[in-house]
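A.B. asks: Sharing coords.csv, CSV, C-alpha atoms:
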```
chain,number,residue,atom,x,y,z
A,272,MET,CA,0.0,0.0,0.0
A,273,SER,CA,1.5,3.4,-1.0
A,274,GLU,CA,2.3,6.1,1.5
A,275,GLU,CA,-0.2,8.4,-0.3
A,276,ILE,CA,-3.1,5.9,0.3
A,277,ARG,CA,-2.1,5.5,3.9
A,278,GLU,CA,-2.2,9.2,4.4
A,279,GLU,CA,-5.6,9.4,2.7
A,280,MET,CA,-7.0,6.7,5.1
A,281,SER,CA,-5.4,8.4,8.1
A,282,PHE,CA,-7.0,11.7,7.1
A,283,ALA,CA,-10.4,10.0,6.6
A,284,GLU,CA,-10.1,8.4,10.0
A,285,MET,CA,-9.1,11.6,11.6
A,286,PHE,CA,-11.9,13.5,9.9
A,287,ALA,CA,-14.5,10.9,11.1
A,288,GLU,CA,-13.1,11.1,14.6
A,289,SER,CA,-13.2,14.9,14.6
A,290,GLU,CA,-16.7,14.9,13.3
A,291,ALA,CA,-17.8,12.5,16.0
A,292,ASN,CA,-16.1,14.7,18.6
A,293,LEU,CA,-18.0,17.7,17.3
A,294,LYS,CA,-21.4,16.0,17.4
A,295,PRO,CA,-23.5,17.8,20.1
A,296,VAL,CA,-24.6,15.6,23.0
A,297,PHE,CA,-27.1,17.1,25.4
A,298,ALA,CA,-29.8,16.0,27.8
A,299,GLY,CA,-33.0,15.1,26.1
A,300,LYS,CA,-31.4,14.2,22.7
A,301,VAL,CA,-32.4,10.9,21.1
A,302,VAL,CA,-29.5,8.8,20.0
A,303,GLU,CA,-28.8,5.3,18.7
A,304,GLY,CA,-26.3,3.3,20.7
A,305,THR,CA,-24.6,0.1,20.0
A,306,VAL,CA,-24.0,-2.2,22.9
A,307,THR,CA,-20.3,-2.8,23.5
A,308,SER,CA,-20.2,-4.5,26.9
A,309,ILE,CA,-22.5,-5.7,29.6
A,310,THR,CA,-22.3,-5.9,33.4
A,311,PRO,CA,-24.9,-7.2,35.8
A,312,ASN,CA,-26.0,-3.6,36.6
A,313,GLU,CA,-25.5,-1.6,33.4
A,314,VAL,CA,-24.8,-1.6,29.6
A,315,GLN,CA,-22.0,0.3,27.9
A,316,VAL,CA,-22.9,1.7,24.4
A,317,ASP,CA,-21.2,3.5,21.6
A,318,ILE,CA,-23.3,6.5,20.5
A,319,GLY,CA,-20.9,7.6,17.8
A,320,THR,CA,-19.2,10.4,19.7
A,321,LYS,CA,-16.2,10.8,22.0
A,322,HIS,CA,-18.6,10.1,24.9
A,323,THR,CA,-18.9,6.6,26.4
A,324,GLY,CA,-22.5,5.8,27.0
A,325,PHE,CA,-23.9,4.0,30.0
A,326,VAL,CA,-27.4,2.7,30.5
A,327,LYS,CA,-28.2,1.4,34.0
A,328,LEU,CA,-30.4,-1.7,34.4
A,329,SER,CA,-33.1,0.5,36.0
A,330,GLU,CA,-33.2,2.6,32.8
A,331,LEU,CA,-33.6,-0.4,30.6
A,332,THR,CA,-36.7,-1.8,32.4
A,333,ASP,CA,-39.2,-1.4,35.3
A,334,ASP,CA,-39.0,-5.2,36.0
A,335,PRO,CA,-37.0,-5.5,39.3
A,336,ALA,CA,-36.4,-9.2,38.5
A,337,ALA,CA,-35.0,-8.6,35.0
A,338,ARG,CA,-31.3,-9.4,34.2
A,339,VAL,CA,-29.3,-7.3,31.8
A,340,GLU,CA,-28.1,-10.4,29.8
A,341,ASP,CA,-31.8,-11.4,29.2
A,342,LEU,CA,-32.6,-7.9,27.8
A,343,VAL,CA,-29.7,-7.1,25.4
A,344,LYS,CA,-26.5,-8.5,24.0
A,345,VAL,CA,-23.3,-7.1,22.6
A,346,GLY,CA,-23.9,-5.6,19.2
A,347,ASP,CA,-27.6,-4.7,19.8
A,348,LYS,CA,-28.6,-1.3,18.6
A,349,LEU,CA,-30.8,0.6,21.1
A,350,ASP,CA,-32.8,3.8,20.7
A,351,LEU,CA,-32.0,5.9,23.8
A,352,VAL,CA,-32.4,9.4,25.2
A,353,VAL,CA,-29.6,11.3,26.9
A,354,GLU,CA,-30.2,11.9,30.6
A,355,LYS,CA,-27.0,13.6,31.6
A,356,VAL,CA,-23.6,14.4,30.1
A,357,ASN,CA,-20.2,14.8,31.7
A,358,ASP,CA,-17.9,16.3,29.1
A,359,GLN,CA,-14.9,16.4,31.4
A,360,GLU,CA,-15.0,12.6,31.9
A,361,GLY,CA,-16.4,12.0,28.4
A,362,VAL,CA,-19.4,10.1,29.8
A,363,ALA,CA,-23.1,10.2,28.8
A,364,TYR,CA,-25.9,8.6,30.8
A,365,LEU,CA,-28.7,7.3,28.8
A,366,SER,CA,-32.2,5.7,29.2
A,367,ARG,CA,-34.3,3.5,27.0
A,368,LYS,CA,-37.1,3.5,29.5
A,369,LYS,CA,-37.6,7.2,29.4
A,370,LEU,CA,-37.5,7.3,25.6
A,371,GLU,CA,-40.2,4.6,25.5
A,372,ALA,CA,-42.2,6.7,28.0
A,373,ARG,CA,-41.8,9.7,25.8
A,374,LYS,CA,-43.1,7.7,22.8
A,375,GLY,CA,-45.8,6.2,25.0
A,376,LEU,CA,-46.9,9.7,26.1
A,377,GLU,CA,-47.5,10.6,22.5
A,378,GLU,CA,-49.5,7.5,22.0
A,379,LEU,CA,-51.5,8.1,25.2
A,380,ALA,CA,-52.3,11.7,24.0
A,381,LYS,CA,-53.6,10.3,20.8
A,382,ALA,CA,-55.5,7.5,22.6
A,383,ALA,CA,-57.1,10.2,24.8
A,384,GLU,CA,-58.4,12.1,21.7
A,385,GLU,CA,-59.7,9.0,20.0
A,386,GLY,CA,-61.0,7.1,23.1
A,387,THR,CA,-58.9,4.1,22.3
A,388,VAL,CA,-58.9,1.3,24.8
A,389,LEU,CA,-55.4,0.6,26.2
A,390,GLU,CA,-53.8,-2.2,28.3
A,391,GLY,CA,-51.5,-1.8,31.2
A,392,VAL,CA,-50.3,-3.3,34.5
A,393,VAL,CA,-51.3,-2.0,37.9
A,394,THR,CA,-48.1,-1.3,39.7
A,395,GLU,CA,-49.2,0.2,43.0
A,396,THR,CA,-52.1,1.7,45.0
A,397,ASN,CA,-52.3,4.9,47.0
A,398,LYS,CA,-55.0,6.7,49.0
A,399,GLY,CA,-56.5,8.2,45.9
A,400,GLY,CA,-56.6,5.1,43.6
A,401,VAL,CA,-54.1,3.0,41.6
A,402,ILE,CA,-51.2,3.5,39.3
A,403,VAL,CA,-51.2,1.7,35.9
A,404,LEU,CA,-48.1,1.5,33.8
A,405,VAL,CA,-49.2,1.9,30.1
A,406,LYS,CA,-46.5,2.0,27.4
A,407,GLY,CA,-43.9,3.1,29.9
A,408,VAL,CA,-46.1,5.9,31.3
A,409,LYS,CA,-47.6,6.0,34.8
A,410,VAL,CA,-51.4,6.6,34.6
A,411,PHE,CA,-53.4,7.5,37.7
A,412,VAL,CA,-56.8,5.9,38.0
A,413,PRO,CA,-58.9,7.4,40.8
A,414,ARG,CA,-60.5,5.0,43.3
A,415,SER,CA,-64.0,5.6,41.9
A,416,GLN,CA,-62.8,4.6,38.4
A,417,ALA,CA,-60.8,1.6,39.4
A,418,THR,CA,-63.5,-0.9,40.4
A,419,MET,CA,-67.2,-1.2,39.8
A,420,ARG,CA,-68.1,-1.3,43.5
A,421,ARG,CA,-66.8,0.8,46.4
A,422,ASP,CA,-66.4,-2.2,48.6
A,423,GLU,CA,-64.0,-4.0,46.3
A,424,ASP,CA,-60.4,-4.2,47.5
A,425,ILE,CA,-58.3,-2.2,45.0
A,426,ASN,CA,-55.1,-3.9,46.4
A,427,ALA,CA,-56.3,-7.0,44.6
A,428,LEU,CA,-55.6,-5.2,41.3
A,429,VAL,CA,-51.8,-4.9,41.9
A,430,LYS,CA,-49.8,-6.8,39.3
A,431,GLN,CA,-53.0,-7.4,37.3
A,432,ASN,CA,-53.4,-6.6,33.6
A,433,VAL,CA,-56.2,-4.2,33.1
A,434,LYS,CA,-57.9,-2.4,30.2
A,435,LEU,CA,-58.5,1.4,30.5
A,436,VAL,CA,-59.2,4.6,28.6
A,437,ILE,CA,-57.3,7.9,29.1
A,438,THR,CA,-59.7,10.6,30.4
A,439,GLU,CA,-57.2,13.4,30.9
A,440,CYS,CA,-53.8,14.0,29.3
A,441,ALA,CA,-52.2,17.3,30.2
A,442,GLY,CA,-48.5,17.4,30.5
A,443,ARG,CA,-47.4,15.1,33.3
A,444,LYS,CA,-51.0,14.7,34.5
A,445,ILE,CA,-52.4,11.6,33.0
A,446,VAL,CA,-55.7,10.2,34.3
A,447,GLY,CA,-57.5,7.0,33.2
A,448,SER,CA,-60.6,5.0,33.9
A,449,ILE,CA,-60.8,1.2,34.2
A,450,ASN,CA,-64.5,1.4,35.0
A,451,LYS,CA,-65.5,2.8,31.6
A,452,VAL,CA,-64.1,-0.2,29.8
A,453,THR,CA,-65.4,-2.6,32.4
A,454,ALA,CA,-68.9,-1.1,32.2
A,455,GLU,CA,-69.1,-1.4,28.4
A,456,GLU,CA,-67.8,-5.0,28.6
A,457,ASN,CA,-70.3,-5.8,31.3
A,458,ALA,CA,-73.1,-4.3,29.4
A,459,ALA,CA,-72.4,-6.7,26.5
A,460,LYS,CA,-72.1,-9.6,28.9
A,461,ARG,CA,-75.3,-8.7,30.7
A,462,GLU,CA,-77.2,-8.7,27.4
A,463,ALA,CA,-75.8,-12.1,26.4
A,464,PHE,CA,-76.5,-13.4,30.0
A,465,TRP,CA,-80.2,-12.5,30.0
A,466,ALA,CA,-80.7,-13.9,26.6
A,467,ASP,CA,-79.4,-17.3,27.7
A,468,VAL,CA,-80.0,-17.7,31.4
A,469,GLU,CA,-82.5,-20.1,32.9
A,470,VAL,CA,-83.2,-21.6,36.3
A,471,GLY,CA,-80.9,-24.5,37.1
A,472,LYS,CA,-78.1,-23.4,34.8
A,473,THR,CA,-74.6,-23.7,36.3
A,474,TYR,CA,-72.1,-20.9,36.2
A,475,THR,CA,-68.5,-20.4,37.3
A,476,GLY,CA,-68.3,-17.1,39.1
A,477,VAL,CA,-66.1,-14.9,41.3
A,478,VAL,CA,-67.1,-13.8,44.8
A,479,LYS,CA,-67.1,-10.0,44.6
A,480,SER,CA,-68.4,-9.0,48.1
A,481,LEU,CA,-69.8,-10.4,51.3
A,482,THR,CA,-72.6,-9.1,53.5
A,483,ALA,CA,-74.2,-10.5,56.7
A,484,TYR,CA,-76.9,-12.1,54.6
A,485,GLY,CA,-75.0,-13.6,51.7
A,486,ALA,CA,-72.3,-13.4,49.0
A,487,PHE,CA,-72.5,-11.5,45.7
A,488,VAL,CA,-71.0,-13.5,42.9
A,489,ASP,CA,-70.1,-12.2,39.4
A,490,ILE,CA,-71.3,-14.7,36.9
A,491,GLY,CA,-70.3,-12.9,33.8
A,492,GLY,CA,-71.1,-9.2,34.0
A,493,VAL,CA,-74.1,-9.9,36.3
A,494,ASP,CA,-73.9,-10.1,40.1
A,495,GLY,CA,-76.1,-12.7,41.7
A,496,LEU,CA,-76.9,-13.1,45.4
A,497,CYS,CA,-76.1,-16.4,47.0
A,498,HIS,CA,-78.0,-16.1,50.3
A,499,ILE,CA,-76.3,-17.3,53.4
A,500,SER,CA,-78.8,-20.2,53.7
A,501,GLU,CA,-77.7,-21.3,50.2
A,502,LEU,CA,-74.0,-21.4,51.0
A,503,SER,CA,-73.9,-24.4,53.3
A,504,TRP,CA,-76.1,-27.2,54.6
A,505,ASN,CA,-74.6,-26.4,58.0
A,506,ARG,CA,-75.8,-23.4,60.0
A,507,ILE,CA,-73.2,-20.6,59.6
A,508,LYS,CA,-73.1,-17.1,61.2
A,509,HIS,CA,-71.4,-15.3,58.3
A,510,PRO,CA,-70.7,-16.1,54.6
A,511,SER,CA,-66.9,-15.8,55.3
A,512,GLU,CA,-67.1,-19.2,57.0
A,513,VAL,CA,-67.6,-20.7,53.5
A,514,VAL,CA,-66.2,-18.3,50.9
A,515,SER,CA,-63.9,-15.3,50.6
A,516,VAL,CA,-63.8,-12.3,48.2
A,517,GLY,CA,-61.9,-13.4,45.1
A,518,ASP,CA,-62.8,-17.1,45.3
A,519,THR,CA,-63.8,-18.7,42.1
A,520,ILE,CA,-66.8,-20.9,42.8
A,521,GLU,CA,-69.5,-22.9,40.9
A,522,VAL,CA,-73.0,-21.8,41.5
A,523,TYR,CA,-76.4,-22.5,39.9
A,524,VAL,CA,-79.4,-20.3,39.3
A,525,LYS,CA,-82.2,-20.8,41.8
A,526,ALA,CA,-84.5,-18.0,40.8
A,527,LEU,CA,-84.8,-15.1,38.4
A,528,ASP,CA,-86.4,-11.7,38.6
A,529,GLU,CA,-86.1,-10.6,34.9
A,530,GLU,CA,-88.1,-7.4,35.4
A,531,ASN,CA,-85.7,-6.1,38.1
A,532,HIS,CA,-82.7,-8.0,36.7
A,533,LYS,CA,-82.0,-9.9,39.9
A,534,VAL,CA,-80.5,-13.4,40.2
A,535,SER,CA,-80.7,-15.7,43.2
A,536,LEU,CA,-77.9,-18.3,43.3
A,537,GLY,CA,-77.3,-21.6,45.0
A,538,TYR,CA,-73.9,-22.9,46.1
A,539,LYS,CA,-74.5,-25.9,48.3
A,540,LYS,CA,-74.9,-29.1,46.3
A,541,ALA,CA,-77.9,-31.4,46.5
A,542,GLU,CA,-75.7,-34.5,46.8
A,543,ASP,CA,-74.3,-33.0,50.0
A,544,ASN,CA,-77.7,-32.6,51.6
A,545,PRO,CA,-77.4,-34.2,55.0
A,546,TRP,CA,-81.1,-35.0,55.0
A,547,GLU,CA,-80.6,-37.2,52.0
A,548,LEU,CA,-77.7,-38.8,53.7
A,549,LEU,CA,-79.9,-39.5,56.7
A,550,LYS,CA,-82.7,-40.9,54.6
A,551,ASN,CA,-80.4,-43.2,52.6
A,552,GLU,CA,-77.9,-44.4,55.2
A,553,TYR,CA,-79.4,-44.1,58.6
A,554,PRO,CA,-82.6,-46.2,59.1
A,555,ILE,CA,-84.9,-45.9,62.1
A,556,GLY,CA,-83.2,-47.5,65.0
A,557,SER,CA,-79.7,-46.2,64.1
A,558,VAL,CA,-77.5,-45.3,67.1
A,559,PHE,CA,-75.4,-42.1,67.2
A,560,THR,CA,-72.8,-40.7,69.6
A,561,ALA,CA,-73.2,-36.9,69.3
A,562,PRO,CA,-72.8,-33.6,71.2
A,563,VAL,CA,-75.6,-31.7,72.9
A,564,VAL,CA,-75.9,-28.4,71.1
A,565,SER,CA,-78.8,-26.7,73.1
A,566,ILE,CA,-81.0,-27.2,76.1
A,567,THR,CA,-84.7,-26.4,76.4
A,568,LYS,CA,-87.4,-26.9,79.0
A,569,PHE,CA,-88.8,-29.8,77.0
A,570,GLY,CA,-85.6,-31.6,76.1
A,571,ALA,CA,-82.1,-31.4,74.5
A,572,PHE,CA,-81.1,-31.0,70.9
A,573,VAL,CA,-78.3,-33.2,69.7
A,574,CYS,CA,-76.3,-32.8,66.5
A,575,ILE,CA,-76.4,-36.2,64.8
A,576,LEU,CA,-75.0,-35.1,61.4
A,577,PRO,CA,-73.5,-31.7,60.2
A,578,GLY,CA,-76.6,-29.5,59.8
A,579,ILE,CA,-79.0,-31.9,61.4
A,580,ASP,CA,-80.1,-31.7,65.1
A,581,GLY,CA,-82.5,-34.1,66.7
A,582,LEU,CA,-84.6,-33.7,69.9
A,583,VAL,CA,-84.2,-35.9,72.9
A,584,HIS,CA,-87.5,-35.2,74.7
A,585,ILE,CA,-87.3,-34.8,78.4
A,586,SER,CA,-89.2,-38.0,78.8
A,587,GLU,CA,-86.6,-39.9,76.6
A,588,ILE,CA,-83.6,-38.9,78.6
A,589,SER,CA,-83.7,-41.4,81.4
A,590,ASN,CA,-85.8,-44.2,83.0
A,591,GLU,CA,-86.0,-42.0,86.0
A,592,ARG,CA,-88.1,-38.9,86.1
A,593,VAL,CA,-86.3,-35.8,85.0
A,594,GLU,CA,-87.6,-32.5,86.4
A,595,LYS,CA,-85.1,-30.2,84.7
A,596,VAL,CA,-83.1,-31.1,81.6
A,597,SER,CA,-80.1,-28.9,82.7
A,598,ASP,CA,-79.8,-31.0,85.9
A,599,VAL,CA,-78.9,-34.0,83.7
A,600,LEU,CA,-77.3,-32.6,80.5
A,601,LYS,CA,-75.3,-29.6,79.5
A,602,VAL,CA,-74.2,-28.2,76.1
A,603,GLY,CA,-71.1,-30.0,74.9
A,604,ASP,CA,-71.9,-33.3,76.5
A,605,GLU,CA,-71.3,-36.3,74.3
A,606,VAL,CA,-74.3,-38.6,74.5
A,607,GLN,CA,-75.5,-41.9,72.8
A,608,VAL,CA,-78.9,-41.7,71.2
A,609,LYS,CA,-81.2,-43.9,69.2
A,610,LEU,CA,-83.1,-42.6,66.2
A,611,LEU,CA,-86.8,-43.1,66.9
A,612,ASP,CA,-88.6,-41.2,64.1
A,613,VAL,CA,-87.9,-38.7,61.3
A,614,ASP,CA,-90.4,-36.3,59.7
A,615,PHE,CA,-88.6,-35.3,56.5
A,616,ASP,CA,-91.3,-32.8,55.4
A,617,LYS,CA,-91.1,-30.8,58.7
A,618,LYS,CA,-87.4,-31.6,59.3
A,619,ARG,CA,-88.0,-33.0,62.7
A,620,ILE,CA,-86.1,-35.8,64.4
A,621,SER,CA,-87.0,-37.7,67.5
A,622,LEU,CA,-84.2,-39.3,69.5
A,623,SER,CA,-84.0,-41.3,72.7
A,624,MET,CA,-81.3,-41.9,75.3
A,625,LYS,CA,-83.7,-44.0,77.4
A,626,ALA,CA,-84.3,-46.5,74.6
A,627,LEU,CA,-80.7,-47.5,74.7
A,628,LEU,CA,-80.9,-48.0,78.4
A,629,ASP,CA,-83.8,-50.3,77.9
A,630,ASP,CA,-82.0,-52.1,75.1
A,631,ASN,CA,-78.9,-52.6,77.3
A,632,ALA,CA,-81.1,-53.9,80.1
A,633,GLN,CA,-82.7,-56.4,77.8
A,634,ASP,CA,-79.3,-57.5,76.5
A,635,ALA,CA,-78.2,-58.1,80.1
A,636,GLU,CA,-81.1,-60.4,80.7
```
Would you write out, as structure tokens, the structure that this file holds?

C.D. replies:
Amino acid sequence: MSEEIREEMSFAEMFAESEANLKPVFAGKVVEGTVTSITPNEVQVDIGTKHTGFVKLSELTDDPAARVEDLVKVGDKLDLVVEKVNDQEGVAYLSRKKLEARKGLEELAKAAEEGTVLEGVVTETNKGGVIVLVKGVKVFVPRSQATMRRDEDINALVKQNVKLVITECAGRKIVGSINKVTAEENAAKREAFWADVEVGKTYTGVVKSLTAYGAFVDIGGVDGLCHISELSWNRIKHPSEVVSVGDTIEVYVKALDEENHKVSLGYKKAEDNPWELLKNEYPIGSVFTAPVVSITKFGAFVCILPGIDGLVHISEISNERVEKVSDVLKVGDEVQVKLLDVDFDKKRISLSMKALLDDNAQDAE
């Protein structure tokens, strides 16, 4: 290679280097960087100037569990925005996350004008509502616009993917509504539900709220009430003994009020009915050992199966005359009783302790 050619190449290289050194680099400028090296906490990039570019992991992604090596590799070209420049040290600090947020902000402004439905992830809650990350931009959703009911726990939304619309986009103030999307979707679901529903039909629903008298279950855009008496064959004091908010349960339609759009639901299964179990597996004469659950003037009630209590009349407690039931029995006592009679229509059961004493006496003879 001739000296002249070498000089020309050297001049070209020097010119390119000089041009790179003269390229202005300032905060807010968008640049393209080529990944030159990777460490666990940051990425080094060449941005075509004398500055060495650095992108911290926190400026690559919002995911705290992400690893640099899973996001980029040496040779990748990244669109970045300059955050800070140190000319003395020849260093530029850059961010991909903020550039994506800048682009996202433009998309959100357009979506606000057009009413476009967007998707995002709820990242946190505060006193006023929730924060949803949409296209790298934090969108505030007021409490009243986050859930369809005031008694719903907004903390359950954290880390959930949600759909929303942007209701306000002014500078850094970006406000959205999840409810508007949910309401429209639910309206369509309700229309489909009422066109297809019938008594006896089974649905998989989500428990939305609990009251003293029952549980409200979302069965597809429609909330049905499962009365406390329909939650369990056992006597319960509160629905929380059987279900919790957020539970996915299988329910069936017991009754419909189409005029007022009300649905009554059942949860307890017919096959679990203890009265059917009693009828099929415990004939008259069966013997139980069971606890006394209440005392009355005329006898003691004994729980012979979950949800089923039978009466031991005062005359059936002992062969000896009993003046006062509480003199002989107390709540919690385990007693042995014999099944004398069952009235399945009136749900009444007659039991006897005395009959077993007579039986034992006859066996002894």

A.B. asks: Which residues are near A:Leu404? Cut-off 10 Å, only C-alpha atoms, ignore same chain within fewer than 5 positions. Put them as a list in words.

C.D. replies: Asp333, Ala372, Glu390, Gly391, Val392, Val393, Thr394, Glu395, Lys409, Val410, Phe411, Asn432 and Val433 of chain A

A.B. asks: Write out as a PyMOL selection string the residues lying within 10 Å of stretch 568-581 of chain A, counting all atoms listed in the file and excluding same-chain residues fewer than 5 positions away.

C.D. replies: chain A and resi 503-507+544-546+548-549+558-563+586-588+593-597+600-608+610-613+618-623

A.B. asks: Filtering to C-alpha atoms, could you give me those residues as a CSV table (one decimal), keeping the file's coordinate frame?

C.D. replies:
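Below is the file selection-v2.csv, written as the result:
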```csv
chain,number,residue,atom,x,y,z
A,503,SER,CA,-73.9,-24.4,53.3
A,504,TRP,CA,-76.1,-27.2,54.6
A,505,ASN,CA,-74.6,-26.4,58.0
A,506,ARG,CA,-75.8,-23.4,60.0
A,507,ILE,CA,-73.2,-20.6,59.6
A,544,ASN,CA,-77.7,-32.6,51.6
A,545,PRO,CA,-77.4,-34.2,55.0
A,546,TRP,CA,-81.1,-35.0,55.0
A,548,LEU,CA,-77.7,-38.8,53.7
A,549,LEU,CA,-79.9,-39.5,56.7
A,558,VAL,CA,-77.5,-45.3,67.1
A,559,PHE,CA,-75.4,-42.1,67.2
A,560,THR,CA,-72.8,-40.7,69.6
A,561,ALA,CA,-73.2,-36.9,69.3
A,562,PRO,CA,-72.8,-33.6,71.2
A,563,VAL,CA,-75.6,-31.7,72.9
A,586,SER,CA,-89.2,-38.0,78.8
A,587,GLU,CA,-86.6,-39.9,76.6
A,588,ILE,CA,-83.6,-38.9,78.6
A,593,VAL,CA,-86.3,-35.8,85.0
A,594,GLU,CA,-87.6,-32.5,86.4
A,595,LYS,CA,-85.1,-30.2,84.7
A,596,VAL,CA,-83.1,-31.1,81.6
A,597,SER,CA,-80.1,-28.9,82.7
A,600,LEU,CA,-77.3,-32.6,80.5
A,601,LYS,CA,-75.3,-29.6,79.5
A,602,VAL,CA,-74.2,-28.2,76.1
A,603,GLY,CA,-71.1,-30.0,74.9
A,604,ASP,CA,-71.9,-33.3,76.5
A,605,GLU,CA,-71.3,-36.3,74.3
A,606,VAL,CA,-74.3,-38.6,74.5
A,607,GLN,CA,-75.5,-41.9,72.8
A,608,VAL,CA,-78.9,-41.7,71.2
A,610,LEU,CA,-83.1,-42.6,66.2
A,611,LEU,CA,-86.8,-43.1,66.9
A,612,ASP,CA,-88.6,-41.2,64.1
A,613,VAL,CA,-87.9,-38.7,61.3
A,618,LYS,CA,-87.4,-31.6,59.3
A,619,ARG,CA,-88.0,-33.0,62.7
A,620,ILE,CA,-86.1,-35.8,64.4
A,621,SER,CA,-87.0,-37.7,67.5
A,622,LEU,CA,-84.2,-39.3,69.5
A,623,SER,CA,-84.0,-41.3,72.7
```

A.B. asks: Do a neighbour search on A:Phe464 at 12 Å with only C-alpha atoms, toss out local chain neighbours closer than 6 positions, and write the hits as a list in words.

C.D. replies: Asn457, Ala458, Lys472, Tyr474, Asp489, Ile490, Gly491, Gly492, Val493, Asp494, Gly495, Val524, Leu527, Glu529, His532, Lys533 and Val534 of chain A

A.B. asks: Which residues, written as a ChimeraX atom specification, have at least one atom at most 10 Å from A:Gly346, with all atoms listed in the file counted and residues fewer than 4 positions away on the same chain left out?

C.D. replies: /A:304-308,316-317

A.B. asks: Export C-alpha atoms of the chosen residues as a PDB file, in the coordinates of the input?

C.D. replies:
```
ATOM      1  CA  GLY A 304     -26.300   3.300  20.700  1.00  0.00           C
ATOM      2  CA  THR A 305     -24.600   0.100  20.000  1.00  0.00           C
ATOM      3  CA  VAL A 306     -24.000  -2.200  22.900  1.00  0.00           C
ATOM      4  CA  THR A 307     -20.300  -2.800  23.500  1.00  0.00           C
ATOM      5  CA  SER A 308     -20.200  -4.500  26.900  1.00  0.00           C
ATOM      6  CA  VAL A 316     -22.900   1.700  24.400  1.00  0.00           C
ATOM      7  CA  ASP A 317     -21.200   3.500  21.600  1.00  0.00           C
TER       8      ASP A 317
END
```

A.B. asks: Which one is closest to A:Met624: A:Arg414, A:Lys609, A:Arg373, A:Lys344? Count all atoms listed in the file.

C.D. replies: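 Smallest separation from A:Met624 among the options: A:Lys609.
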
A.B. asks: At a cut-off of 12 Å, using all atoms listed in the file, what residues contact A:Leu370? Leave out same-chain residues fewer than 4 positions from it and give the result as a PyMOL selection string.

C.D. replies: chain A and resi 298-303+330-332+349-354+365-366+374-377+406-408

A.B. asks: Tell me which residues come within 8 Å of (-54.3, 11.6, 37.9), as a list of chain:residue names, counting all atoms listed in the file in the file's coordinates.

C.D. replies: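 Residues close enough to count: A:Val410, A:Phe411, A:Val412, A:Pro413, A:Glu439, A:Lys444, A:Ile445, A:Val446, A:Gly447.
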
A.B. asks: Next, dump the selected residues to file, keeping only C-alpha atoms, as a PDB file, in the frame of the given file.

C.D. replies:
```pdb
ATOM      1  CA  VAL A 410     -51.400   6.600  34.600  1.00  0.00           C
ATOM      2  CA  PHE A 411     -53.400   7.500  37.700  1.00  0.00           C
ATOM      3  CA  VAL A 412     -56.800   5.900  38.000  1.00  0.00           C
ATOM      4  CA  PRO A 413     -58.900   7.400  40.800  1.00  0.00           C
ATOM      5  CA  GLU A 439     -57.200  13.400  30.900  1.00  0.00           C
ATOM      6  CA  LYS A 444     -51.000  14.700  34.500  1.00  0.00           C
ATOM      7  CA  ILE A 445     -52.400  11.600  33.000  1.00  0.00           C
ATOM      8  CA  VAL A 446     -55.700  10.200  34.300  1.00  0.00           C
ATOM      9  CA  GLY A 447     -57.500   7.000  33.200  1.00  0.00           C
TER      10      GLY A 447
END
```

A.B. asks: What does the distance between atom CA of A:Thr473 and atom CA of A:Lys525 come to in Å, to one decimal place?

C.D. replies: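 For atom CA of A:Thr473 relative to atom CA of A:Lys525, the distance reads 9.8 Å.
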
A.B. asks: Suppose you want the space between atom CA of A:Val436 and atom CA of A:Ala382; what is it in Å?

C.D. replies: 7.6 Å

A.B. asks: Report as a tab-separated table the residues of stretch 452-571 of chain A within 9 Å of stretch 415-421 of chain A, each with its shortest atom pair and distance in Å (one decimal), using only C-alpha atoms, ordered by chain and increasing residue number.

C.D. replies:
```
residue	atom	partner	partner_atom	distance
A:Thr453	CA	A:Met419	CA	7.7
A:Ala454	CA	A:Met419	CA	7.8
A:Lys479	CA	A:Arg420	CA	8.8
A:Ser480	CA	A:Arg420	CA	9.0
```

A.B. asks: Selection from above, C-alpha atoms, as a short mmCIF file (atom, residue, chain, number, x, y, z; two decimals), in the frame of the given file, can you write it?

C.D. replies:
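Saved result, out.cif, follows:
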```cif
data_model
loop_
_atom_site.label_atom_id
_atom_site.label_comp_id
_atom_site.auth_asym_id
_atom_site.auth_seq_id
_atom_site.Cartn_x
_atom_site.Cartn_y
_atom_site.Cartn_z
CA THR A 453 -65.40 -2.60 32.40
CA ALA A 454 -68.90 -1.10 32.20
CA LYS A 479 -67.10 -10.00 44.60
CA SER A 480 -68.40 -9.00 48.10
#
```

A.B. asks: Between atom CA of A:Lys327 and atom CA of A:Phe297, measure the distance and give it in Å to one decimal.

C.D. replies: 17.9 Å

A.B. asks: Return the single residue from A:Ile585, A:Val522, A:Val516, A:Leu496 that is closest to A:Asp422, with distances computed using all atoms listed in the file.

C.D. replies: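 Closest residue, counting all atoms listed in the file: A:Val516.
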
A.B. asks: Let me have the centre and edge lengths in Å, one decimal, of the box along x, y and z around every listed atom of stretch 491-497 of chain A with 8 Å of margin on each side, as lines of an AutoDock Vina configuration file.

C.D. replies:
```
center_x = -73.6
center_y = -12.8
center_z = 40.4
size_x = 22.6
size_y = 23.2
size_z = 29.2
```
